[in-house]
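Q: Quick one: structure below, then a few questions.
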Amino acid sequence: MNPPNPGELEIYNQVTEIFSVMDLAEKIKDAAKERYNVDIKLNHLSNPRIEKESHYYNPTYTKLLKLGLKPTLLTREILIEMLEVIKPYINNVNEECIFRGYQWK
């Protein structure tokens, strides 16, 4: 309804939260501890990708909020709901398929 003027470019990042893989793993670990009283051990694997493992990534994502976006954030409660959904399928996980040592170079 409101296109940019000719020659202008507007970026709308469809992001409302940013987590590292380790941050997300910690959140899942905490939710599983709270809901199921299990201790999950996190293993740190070498990054198979070329880019640095830690790098600056801080996108601006305020434009959609200004348009009225009401984000659903990844809370502990939502993680627990997700764990409840996947729990019946835990025995279907084939750990052999998760990481096969590929390097993306």
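Going by the structure tokens order, chains are called A, B, ..., each with residues numbered from 1, while ligands are numbered from 1 in the order shown.
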Counting only C-alpha atoms, what is within 8 Å of region 22-27 of chain A, bar same-chain residues fewer than 2 positions away, as a ChimeraX atom specification?
A: /A:19-20,29-31,42,76,79
Q: Which one is closest to Lys87 (chain A): A:Asn13, A:Thr60, A:Thr75, A:Arg35? Count only C-alpha atoms.
A: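 The answer is A:Arg35, which sits nearest to Lys87 (chain A).
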Q: Among chain A, which ones does DSSP place in helix (DSSP H, G or I), written as a ChimeraX atom specification?
A: /A:21-36,63-66,76-92,95-97
Q: Neighbouring residues of Thr16 (chain A) were defined as those with any atom within 8 Å, considering only C-alpha atoms; residues of the same chain fewer than 5 positions away were excluded. Please report them as a list in words.
A: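 The filter keeps Tyr61, Pro71 and Leu73 of chain A.
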Q: For Lys66 (chain A), which residue out of A:Tyr12, A:Ile86, A:Cys97, A:Glu81 is the nearest one, using only C-alpha atoms?
A: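 Checking each candidate against Lys66 (chain A), we get A:Tyr12 as the closest.
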Q: Hey, which of A:Ile11, A:Pro88, A:Lys52, A:Tyr102 ends up closest to Leu64 (chain A)? Count only C-alpha atoms.
A: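 When distances to Leu64 (chain A) are compared using only C-alpha atoms, the smallest one comes from A:Ile11.
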Q: Could you jot down the CA of Ile80 (chain A) to CA of Ala32 (chain A) separation for me, Å, one decimal place?
A: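 Spanning CA of Ile80 (chain A) to CA of Ala32 (chain A) is a straight-line distance of 7.0 Å.
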Q: List the neighbours of Arg49 (chain A) out to 8 Å using only C-alpha atoms; skip same-chain residues closer than 5 positions along the sequence, and give me the result as a ChimeraX atom specification.
A: /A:103-105
Q: Would you save the residues from that selection as a PDB file, in the first residue's frame, using C-alpha atoms?
A:
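Produced file part20.pdb, reproduced below:
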```pdb
ATOM      1  CA  GLN A 103      32.840 -29.791   6.459  1.00  0.00           C
ATOM      2  CA  TRP A 104      31.300 -27.004   4.372  1.00  0.00           C
ATOM      3  CA  LYS A 105      34.374 -25.673   2.601  1.00  0.00           C
TER       4      LYS A 105
END
```
